[in-house]
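Chemist: Structure below; questions to follow.
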Amino acid sequence: MRYIEHEQVVKRMNGRLVANVIFKGIFLAATLLAILALVLLAYRIITQGAGHLSLDFLSNFSSRFPEKAGIKAALIGSLWLMAVVAPTSIILGVGSAIYLEEYAKKNKITSFIRINIANLAGVPSIVFGLLGLTIFVRAFALGNSILAAGFTMSLLILPVIIVAAQEAIRSVPGELREASLGMGATKWQTIVKIILPAAIPGILTGSILALSRAIGETAPLIVIGVPVIIQFLPAGVLDTFTALPIQIFDWASRPQQEFQTVAAAGIIVLMIFLLLMNSVAVIIRNKFQKRY
Amino acid sequence: MTMTIKAEKKKSATKLQEQGIKVPVYQTKELNLWYGEKHALKNIDLDINENEVTAIIGPSGCGKSTYIKTLNRMVELVPSVKTSGEILYRDRNIFSSDYQVEELRTRVGMVFQKPNPFPKSIYDNIAYGPRIHGIKNKKILDEIVEKSLRGAAIWDEVKDRLNENAYSISGGQQQRICIARALAIEPDVILMDEPTSALDPISTLKVEELVQELKEDYSIIIVTHNMQQAARISDKTAFFLNGEVIEFDETDAIFSNPSDKRTEDYISGRFG
């Protein structure tokens with residue numbers, strides 16, 4: 001006897017095809033909605049802020065007068081912040097990932113650590129701000145300096161970098177490890193010459209996406225007490241500074257209507273900054289992608 | 001330096017061979033191995049001779065791959081492995097605490113089941129081994145690369161494309177690149193873990209011919225699923241079943257006149 005009645009199959013065919021079309025429509029609508037929100041946001045910000053964008057805006061310090069207010073201190077401050085966050089978080093993050101994936105024994109303690117690193121990635125940023133305030137600002141007496149803020153931001157994005165780097169390292173085929181070890185290479189030689197080169201696109205993409213998150217974060221900086229109006233540029237990592245999101249937050253919260261325009265212009269600068277970093281991530285990924 | 005040692009070794013070996021005495025490279029004594037609770041190898045006693053091809057046959061899960069991976073201690077990559085007993089490589093116990101595993105693996109090369117070249121150029125693949133062992137001189141590296149590729153009978157096919165990615169050539173060629181890569185560390189023994197199971201018949205034939213040539217200079221231990229292959233290329237054959245060596249003898253004897261009923265059943269295709 002036959003289990004599949006072909007007449008029944010033909011009868012039910014219409015319903016299946018309708019469901020097919022409906023679900024396609026739902027997913028298309030979801031995508032369009034997200035794109036629409038993005039376009040509206042970008043449109044509003046650009047129409048509002050583009051008029052205020054000029055070289056003066058980039059080269060002036062902030063000011064009480066909206067027409068004179070510039071973003072120089074915040075832009076340079078954010079660059080300083082990145083100069084601390086990028087090396088700290090990438091070195092620590094990739095180091096931890098290498099240890100967890102290549103050296104650590106697979107037992108209950110390490111799997112507990114693994115789970116908790118993933119959990120840390122979900123902790124609200126303000127909590128990291130409080131941690132930074134207690135440890136770096138007060139206990140290490142770094143004050144509201146670039147170094148204190150940079151370390152706090154590094155802690156914030158460290159879990160994301162560790163998880164991304166772990167994924168990248170894990171995706172390197174085990175046969176390559178075996179081939180290298182089988183020729184008498186040490187573990188370290190295998191990591192440096194085989195595993196890291198193969199994992200680098202994934203590691204860098206994850207790291208850059210994490211760094212772009214750090215650039216946009218405001219809450220930890222507010223908790224640490226990063227000032228808003230600064231009329232000088234930091235000379236070193238122990239100086240105080242201000243950063244793009246803080247500056248934008250300050251402008252947007254002022255009563256004068258004109259400052260909304262200035263805030264919008266600041267957001268455009270921040271978005272361009274983020275877009276540049278994300279395109280670097282895309283370029284790196286495409287350039288280093290390897291076949292196995 | 002290594003050449004003179006090798007030459008001397010060879011001379012003494014030929015002398016012994018003339019007297020009809022075979023020199024063992026590996027002597028396995030009461031080897032037991034567990035994966036966690038699973039007893040994977042049971043009381044293995046096996047002597048493997050110099051300049052011979054030793055084939056290891058048996059059904060899936062009989063421990064043949066485990067055994068060959070124990071010979072260069074690659075099996076220790078599995079976290080829960082425990083062993084007892086001894087494996088002497090050139091009269092030294094490879095499990096003893098003063099035997100560095102890296103040193104062992106420099107003398108014992110390995111070719112794996114699936115071709116696994118590095119995602120690097122053909123040249124860099126072959127030069128990888130010499131480089132990790134400290135050779136930096138470009139001229140010496142060039143010579144090693146050519147010698148190894150010639151040794152693996154693939155020089156003519158790739159000599160004009162040494163800088164291309166090793167993944168741009170066919171699977172059969174990749175496997176011979178992997179053999180060349182193993183030759184580049186100038187090993188004494190070559191372990192082959194089902195080296196032709198992922199290859200087409202023509203590539204398989206080439207690898208088999210290569211094994212025949214290589215045994216002039218190396219001792220080869222090859223795990224294979226393919227009994228015809230074992231019969232074609234090996235001098236001695238060990239039949240593994242459920243983690244035990246059922247029979248170990250001259251290949252001709254195993255295939256024409258097996259002494260154990262189970263060996264006979266397996267090679268005549270009644271199971272496995």
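Starting from 1 in every chain, residues are counted up; chains themselves are A, B, ... following the order of the structure tokens, and ligands are numbered from 1 as listed.
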Give me, as a list in words, the contact residues of chain B against chain A at a cut-off of 6 Å, counting only C-alpha atoms.
Modeler: Glu102, Arg105 and Thr106 of chain B
Chemist: Can you spit out the residues from that selection as an mmCIF file, in the first residue's frame, using C-alpha atoms?
Modeler:
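Wrote it out as part.cif, contents follow:
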```cif
data_model
loop_
_atom_site.group_PDB
_atom_site.id
_atom_site.type_symbol
_atom_site.label_atom_id
_atom_site.label_comp_id
_atom_site.auth_asym_id
_atom_site.auth_seq_id
_atom_site.Cartn_x
_atom_site.Cartn_y
_atom_site.Cartn_z
ATOM 1 C CA GLU B 102 57.724 17.610 19.922
ATOM 2 C CA ARG B 105 56.882 14.111 16.232
ATOM 3 C CA THR B 106 59.904 15.523 14.438
#
```
Chemist: Tell me, as a list in words, which residues lie within 9 Å of Leu120 of chain A, counting only C-alpha atoms; anything in the same chain fewer than 6 positions away does not count.
Modeler: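 That gives Leu156, Leu158, Pro159 and Val160 of chain A.
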Chemist: Within 9 Å of segment 37-53 of chain B, counting only C-alpha atoms, which residues qualify if same-chain residues fewer than 2 places away don't, as a tab-separated table (two decimals) with N, CA and C atoms, in the first residue's frame?
Modeler:
```tsv
chain	number	residue	atom	x	y	z
B	13	ALA	N	72.04	-0.92	9.45
B	13	ALA	CA	70.78	-1.64	9.21
B	13	ALA	C	70.96	-2.64	8.08
B	22	LYS	N	65.92	-8.24	11.20
B	22	LYS	CA	65.21	-6.98	10.97
B	22	LYS	C	65.38	-6.08	12.19
B	23	VAL	N	65.57	-4.78	11.90
B	23	VAL	CA	65.71	-3.82	13.01
B	23	VAL	C	64.35	-3.24	13.33
B	24	PRO	N	63.90	-3.36	14.58
B	24	PRO	CA	62.61	-2.77	14.90
B	24	PRO	C	62.72	-1.27	15.14
B	25	VAL	N	61.75	-0.49	14.61
B	25	VAL	CA	61.70	0.94	14.98
B	25	VAL	C	60.77	1.13	16.16
B	26	TYR	N	59.69	0.37	16.16
B	26	TYR	CA	58.71	0.49	17.24
B	26	TYR	C	58.53	-0.87	17.89
B	27	GLN	N	58.59	-0.89	19.20
B	27	GLN	CA	58.23	-2.09	19.93
B	27	GLN	C	57.12	-1.72	20.92
B	28	THR	N	55.97	-2.30	20.73
B	28	THR	CA	54.84	-2.01	21.62
B	28	THR	C	54.73	-3.14	22.62
B	29	LYS	N	54.70	-2.78	23.91
B	29	LYS	CA	54.67	-3.83	24.94
B	29	LYS	C	53.49	-3.62	25.87
B	30	GLU	N	52.54	-4.55	25.80
B	30	GLU	CA	51.38	-4.53	26.68
B	30	GLU	C	50.73	-3.17	26.77
B	31	LEU	N	50.46	-2.63	25.60
B	31	LEU	CA	49.83	-1.31	25.56
B	31	LEU	C	48.32	-1.43	25.80
B	32	ASN	N	47.85	-0.66	26.77
B	32	ASN	CA	46.41	-0.54	26.99
B	32	ASN	C	46.05	0.93	26.90
B	33	LEU	N	44.86	1.21	26.36
B	33	LEU	CA	44.44	2.61	26.25
B	33	LEU	C	42.95	2.71	26.52
B	34	TRP	N	42.61	3.71	27.31
B	34	TRP	CA	41.20	3.95	27.63
B	34	TRP	C	40.79	5.37	27.20
B	35	TYR	N	39.61	5.46	26.58
B	35	TYR	CA	38.97	6.78	26.43
B	35	TYR	C	37.96	6.89	27.55
B	55	ALA	N	50.88	-2.62	7.44
B	55	ALA	CA	49.49	-2.20	7.29
B	55	ALA	C	48.70	-2.62	8.51
B	61	GLY	N	36.07	1.20	14.28
B	61	GLY	CA	35.99	1.15	15.73
B	61	GLY	C	36.83	0.07	16.37
B	62	CYS	N	37.75	-0.56	15.58
B	62	CYS	CA	38.54	-1.64	16.15
B	62	CYS	C	39.77	-1.12	16.88
B	63	GLY	N	40.04	0.19	16.77
B	63	GLY	CA	41.20	0.74	17.46
B	63	GLY	C	42.40	0.97	16.58
B	64	LYS	N	42.28	0.73	15.27
B	64	LYS	CA	43.48	0.87	14.42
B	64	LYS	C	43.94	2.32	14.32
B	66	THR	N	43.29	4.65	16.56
B	66	THR	CA	43.78	4.99	17.90
B	66	THR	C	45.22	4.54	18.06
B	67	TYR	N	45.51	3.31	17.59
B	67	TYR	CA	46.86	2.78	17.76
B	67	TYR	C	47.89	3.64	17.02
B	80	SER	N	40.39	12.79	27.66
B	80	SER	CA	40.16	11.77	28.67
B	80	SER	C	41.00	10.51	28.47
B	83	THR	N	46.73	5.77	29.34
B	83	THR	CA	47.43	4.63	28.75
B	83	THR	C	48.21	3.88	29.83
B	85	GLY	N	51.42	0.55	29.87
B	85	GLY	CA	52.30	-0.22	29.00
B	85	GLY	C	53.37	0.67	28.38
B	188	ASP	N	61.87	9.71	10.27
B	188	ASP	CA	62.41	8.36	10.23
B	188	ASP	C	61.26	7.40	9.91
B	189	VAL	N	60.10	7.72	10.49
B	189	VAL	CA	58.90	6.91	10.30
B	189	VAL	C	57.80	7.81	9.75
B	211	VAL	N	54.03	5.13	-1.79
B	211	VAL	CA	54.36	4.40	-0.56
B	211	VAL	C	55.43	3.36	-0.85
B	212	GLN	N	55.29	2.66	-1.99
B	212	GLN	CA	56.28	1.66	-2.38
B	212	GLN	C	57.68	2.27	-2.51
B	214	LEU	N	58.69	5.14	-1.09
B	214	LEU	CA	59.15	5.74	0.17
B	214	LEU	C	59.74	4.72	1.12
B	215	LYS	N	59.32	3.45	1.01
B	215	LYS	CA	59.80	2.50	2.01
B	215	LYS	C	61.29	2.21	1.86
B	216	GLU	N	61.88	2.60	0.72
B	216	GLU	CA	63.33	2.52	0.59
B	216	GLU	C	64.03	3.32	1.69
B	217	ASP	N	63.46	4.49	2.01
B	217	ASP	CA	64.12	5.40	2.95
B	217	ASP	C	63.43	5.53	4.29
B	218	TYR	N	62.17	5.16	4.34
B	218	TYR	CA	61.41	5.38	5.58
B	218	TYR	C	60.73	4.08	6.00
B	219	SER	N	60.36	4.05	7.29
B	219	SER	CA	59.50	2.97	7.77
B	219	SER	C	58.09	3.52	7.74
B	220	ILE	N	57.16	2.77	7.17
B	220	ILE	CA	55.83	3.30	6.99
B	220	ILE	C	54.80	2.43	7.69
B	221	ILE	N	53.93	3.08	8.43
B	221	ILE	CA	52.82	2.36	9.07
B	221	ILE	C	51.55	2.96	8.51
B	222	ILE	N	50.72	2.13	7.92
B	222	ILE	CA	49.55	2.66	7.24
B	222	ILE	C	48.28	1.96	7.72
B	233	ILE	N	50.31	-3.23	-0.98
B	233	ILE	CA	51.48	-2.39	-0.69
B	233	ILE	C	52.25	-2.78	0.56
B	234	SER	N	51.72	-3.66	1.42
B	234	SER	CA	52.40	-3.82	2.70
B	234	SER	C	53.26	-5.08	2.74
B	235	ASP	N	54.28	-5.06	3.63
B	235	ASP	CA	55.11	-6.23	3.87
B	235	ASP	C	54.52	-7.06	5.00
B	236	LYS	N	54.01	-6.33	6.02
B	236	LYS	CA	53.40	-7.03	7.15
B	236	LYS	C	52.04	-6.43	7.40
B	237	THR	N	51.14	-7.24	7.94
B	237	THR	CA	49.79	-6.75	8.21
B	237	THR	C	49.38	-7.16	9.62
B	238	ALA	N	48.78	-6.20	10.32
B	238	ALA	CA	48.20	-6.50	11.63
B	238	ALA	C	46.69	-6.39	11.51
B	242	ASN	N	38.12	-5.18	17.90
B	242	ASN	CA	37.70	-4.78	19.25
B	242	ASN	C	38.87	-4.39	20.15
B	243	GLY	N	39.84	-3.69	19.59
B	243	GLY	CA	40.95	-3.21	20.42
B	243	GLY	C	42.04	-4.22	20.67
B	244	GLU	N	41.96	-5.40	20.02
B	244	GLU	CA	43.01	-6.39	20.21
B	244	GLU	C	43.67	-6.71	18.88
B	245	VAL	N	44.94	-7.11	18.94
B	245	VAL	CA	45.59	-7.60	17.74
B	245	VAL	C	45.24	-9.08	17.61
B	248	PHE	N	49.14	-10.93	13.50
B	248	PHE	CA	50.14	-10.04	12.95
B	248	PHE	C	51.20	-10.90	12.28
```
Chemist: So which residues touch Ile229 of chain A within 8 Å, counting only C-alpha atoms, skipping near sequence neighbours fewer than 2 positions away, as a VMD selection string?
Modeler: chain A and resid 62 to 63 227 231 242 247
Chemist: Print the selection's residues with N, CA and C atoms to a file, as an mmCIF file, in the first residue's frame.
Modeler:
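Output file part_39.cif follows:
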```cif
data_model
loop_
_atom_site.group_PDB
_atom_site.id
_atom_site.type_symbol
_atom_site.label_atom_id
_atom_site.label_comp_id
_atom_site.auth_asym_id
_atom_site.auth_seq_id
_atom_site.Cartn_x
_atom_site.Cartn_y
_atom_site.Cartn_z
ATOM 1 N N SER A 62 33.370 73.540 22.366
ATOM 2 C CA SER A 62 31.961 73.802 22.647
ATOM 3 C C SER A 62 31.805 75.209 23.244
ATOM 4 N N SER A 63 30.576 75.712 23.182
ATOM 5 C CA SER A 63 30.387 77.097 23.602
ATOM 6 C C SER A 63 28.981 77.302 24.115
ATOM 7 N N PRO A 227 33.602 65.263 32.251
ATOM 8 C CA PRO A 227 32.998 66.588 32.122
ATOM 9 C C PRO A 227 32.444 66.827 30.723
ATOM 10 N N GLN A 231 37.641 73.186 27.390
ATOM 11 C CA GLN A 231 38.162 74.169 26.441
ATOM 12 C C GLN A 231 39.630 73.903 26.104
ATOM 13 N N THR A 242 36.473 64.898 27.159
ATOM 14 C CA THR A 242 35.057 64.624 26.940
ATOM 15 C C THR A 242 34.932 63.805 25.661
ATOM 16 N N GLN A 247 28.985 64.841 24.705
ATOM 17 C CA GLN A 247 28.806 66.172 24.133
ATOM 18 C C GLN A 247 27.411 66.283 23.495
#
```
Chemist: Between A:Ile98, A:Ala199, A:Ala281, A:Ala214, which one has atoms that come closest to Leu155 of chain A, using only C-alpha atoms?
Modeler: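 Using only C-alpha atoms, Leu155 of chain A sits closest to A:Ala214.
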Chemist: Find the residues around segment 68-72 of chain A up to 8 Å (only C-alpha atoms counted), leave out those fewer than 5 positions away in its own chain, and share them as a list in words.
Modeler: Asp56, Phe57, Leu58, Ser59, Asn60, Phe61, Ser62, Ser63, Leu244, Gln247, Val262 and Gly266 of chain A
Chemist: Just C-alpha atoms for this one: save the residues we selected as a compact mmCIF listing (two decimals), in the first residue's frame.
Modeler:
```txt
# COMPACT_ATOMS: atom_id res chain seq x y z
CA ASP A 56 34.47 75.40 12.04
CA PHE A 57 32.19 72.88 13.73
CA LEU A 58 35.04 70.36 13.67
CA SER A 59 37.70 72.79 14.83
CA ASN A 60 35.82 74.77 17.54
CA PHE A 61 35.45 73.93 21.18
CA SER A 62 31.96 73.80 22.65
CA SER A 63 30.39 77.10 23.60
CA LEU A 244 31.19 62.46 21.41
CA GLN A 247 28.81 66.17 24.13
CA VAL A 262 24.14 71.42 17.00
CA GLY A 266 27.23 66.03 16.42
```
Chemist: Residues near Arg213 of chain A, anyone? I mean within 8 Å using only C-alpha atoms, not counting same-chain ones fewer than 4 positions away, as a list in words.
Modeler: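 Contacts, with the query itself left out: Ile157, Leu209 and Glu217 of chain A.
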Chemist: Take the residues just selected and output them with N, CA, C and O atoms as a PDB file, in the first residue's frame.
Modeler:
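Listed below is the output, result.pdb:
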```pdb
ATOM      1  N   ILE A 157      33.361  46.097  26.968  1.00  0.00           N
ATOM      2  CA  ILE A 157      33.300  45.371  25.687  1.00  0.00           C
ATOM      3  C   ILE A 157      34.132  44.092  25.693  1.00  0.00           C
ATOM      4  O   ILE A 157      34.075  43.304  24.758  1.00  0.00           O
ATOM      5  N   LEU A 209      33.441  45.763  15.827  1.00  0.00           N
ATOM      6  CA  LEU A 209      32.036  45.999  16.179  1.00  0.00           C
ATOM      7  C   LEU A 209      31.920  46.343  17.666  1.00  0.00           C
ATOM      8  O   LEU A 209      31.153  47.230  18.051  1.00  0.00           O
ATOM      9  N   GLU A 217      28.806  54.526  23.632  1.00  0.00           N
ATOM     10  CA  GLU A 217      28.304  54.394  25.001  1.00  0.00           C
ATOM     11  C   GLU A 217      28.389  55.718  25.773  1.00  0.00           C
ATOM     12  O   GLU A 217      29.408  56.408  25.720  1.00  0.00           O
TER      13      GLU A 217
END
```
Chemist: Could you list, as a list of chain:residue names, every residue within 12 Å of Ile202 of chain B, counting only C-alpha atoms and ignoring same-chain residues fewer than 6 positions away?
Modeler: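 Returned residues: B:Ser170, B:Gly171, B:Gly172, B:Gln173, B:Thr196, B:Glu208, B:Glu209.
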Chemist: Would you please work out which residue, of A:Ala165, A:Ile283, A:Leu81, A:Val21, is nearest to Glu101 of chain A when using only C-alpha atoms?
Modeler: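 Of the candidates, the smallest distance to Glu101 of chain A is held by A:Ala165.
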